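**Q** What follows is a structure written as structure tokens; I'll ask about it next.
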Amino acid sequence: SQQGEEDPQALSIQEGENATMNCSYKTSINNLQWYRQNSGRGLVHLILIRSNEREKHSGRLRVTLDTSKKSSSLLITASRAADTASYFCATGSFILTGGGNKLTFGTGTQLKVEL
Amino acid sequence: GAVVSQHPSRVICKSGTSVKIECRSLDFQATTMFWYRQFPKQSLMLMATSNEGSKATYEQGVEKDKFLINHASLTLSTLTVTSAHPEDSSFYICSAPGLAGGIGTDTQYFGPGTRLTVL
């Protein structure tokens with residue numbers, strides 16, 4: 001079942017501007033992850049934030065997590081044309097057998113960065 | 001980093017035939033793998049959790065007799081779409097959690113996906 005809602009559904013910005021995407025979810029989580037998907041391709045893991053963390057940085061990426069509001073945001077600073085892709089949040093919950101997280105994906109944001 | 005491959009990358013088949021998709025973890029072992037389906041311009045929907053040496057766990061609404069999953073080894077899971085119909089046309093993606101070599105179980109490594117078109 002679809003857990004997360006993302007907004008906006010689509011975002012178009014100029015190169016150099018910042019892009020902010022938001023994700024809301026419904027149930028308790030172990031962690032929240034953000035992924036990027038270029039058209040017709042597989043997913044690339046961007047960043048993971050655990051439920052006891054509030055903010056995390058990785059290069060030009062900044063992720064926040066508010067578990068009281070069940071929401072997260074992804075900020076991409078100084079965007080580049082190469083950042084054009086779909087971005088998905090995914091909430092992770094541990095599974096009992098075999099390890100790893102069962103991921104439930106949000107609806108996604110299509111980001112277009114124009115020159 | 002950890003690599004997951006899928007084969008084939010693209011397949012076109014006639015309605016009523018069966019199609020097998022392979023998912024391999026190339027440089028790590030995975031006792032668990034996940035299979036997702038993604039329709040155009042939509043998000044990924046988890047279909048099932050593949051467990052090495054035991055039965056797969058299917059999500060609600062996914063027909064286990066139609067989507068057969070076999071996780072025969074620690075590096076290979078297969079998804080067979082049986083008696084495929086045009087509505088099964090989709091992008092099928094597998095993933096595996098990183099377990100060894102310092103990779104945390106929180107991280108998922110995704111395959112490049114398989115585009116299935118059923119005529």
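Residue numbering restarts at 1 in every chain; chains get A, B, ... in the order shown in the structure tokens, and ligands count up from 1 in that same order.
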Just want the 10 Å neighbourhood of B:His71, counted on only C-alpha atoms, with same-chain residues fewer than 2 positions away dropped. Output as a count of residues only.
**A** 22
**Q** Running DSSP on the backbone, which parts of chain A land in strand (DSSP E or B), as an NGL selection string?
**A** :A and (4-7 or 10-14 or 19-24 or 31-37 or 43-50 or 55-58 or 61-66 or 71-76 or 85-94 or 101-106 or 109-114)
**Q** Using only C-alpha atoms, find the residues of chain B whose closest atom to chain A is at most 9 Å away, then write them as an NGL selection string.
**A** :B and (30-34 or 40 or 42-46 or 49 or 51-52 or 59-60 or 91 or 93 or 96-99 or 104-113 or 115)
**Q** Residues within 7 Å of stretch 71-77 of chain A, please, as an MDAnalysis selection string. Count only C-alpha atoms; anything in the same chain fewer than 2 positions from it doesn't count.
**A** chainID A and resid 17:25 60:67 69 79
**Q** Could those selected residues go to a file with C-alpha atoms, as a PDB file, in the first residue's frame?
**A**
```pdb
ATOM      1  CA  GLU A  17      18.256  27.642  -7.320  1.00  0.00           C
ATOM      2  CA  ASN A  18      17.369  25.432  -4.382  1.00  0.00           C
ATOM      3  CA  ALA A  19      14.762  22.695  -4.651  1.00  0.00           C
ATOM      4  CA  THR A  20      12.663  21.556  -1.722  1.00  0.00           C
ATOM      5  CA  MET A  21      10.533  18.442  -1.730  1.00  0.00           C
ATOM      6  CA  ASN A  22       8.281  17.315   1.078  1.00  0.00           C
ATOM      7  CA  CYS A  23       7.127  13.894   2.143  1.00  0.00           C
ATOM      8  CA  SER A  24       4.432  12.893   4.605  1.00  0.00           C
ATOM      9  CA  TYR A  25       3.777   9.413   5.903  1.00  0.00           C
ATOM     10  CA  ARG A  60      24.298  19.491  -1.540  1.00  0.00           C
ATOM     11  CA  LEU A  61      21.540  17.482   0.115  1.00  0.00           C
ATOM     12  CA  ARG A  62      19.867  18.318   3.381  1.00  0.00           C
ATOM     13  CA  VAL A  63      17.159  16.139   4.858  1.00  0.00           C
ATOM     14  CA  THR A  64      14.980  16.891   7.839  1.00  0.00           C
ATOM     15  CA  LEU A  65      12.662  14.571   9.695  1.00  0.00           C
ATOM     16  CA  ASP A  66       9.828  15.520  12.018  1.00  0.00           C
ATOM     17  CA  THR A  67       8.390  12.350  13.489  1.00  0.00           C
ATOM     18  CA  LYS A  69       4.331  15.572  12.162  1.00  0.00           C
ATOM     19  CA  SER A  79      20.728  22.731  -8.300  1.00  0.00           C
TER      20      SER A  79
END
```
**Q** Go through B:Gly16, B:Ala2, B:Tyr92, B:Thr114 and flag the residue nearest B:Met47, using only C-alpha atoms for the distances.
**A**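 Of all the options, B:Tyr92 lies closest to B:Met47.
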**Q** Using atom CA of A:Glu55 and atom CA of A:Glu114 as the two end points, give the distance in Å to one decimal.
**A** 27.9 Å
**Q** Record the distance separating atom CA of B:Phe67 and atom CA of A:Gly4, expressed in Å with one decimal.
**A** 25.1 Å
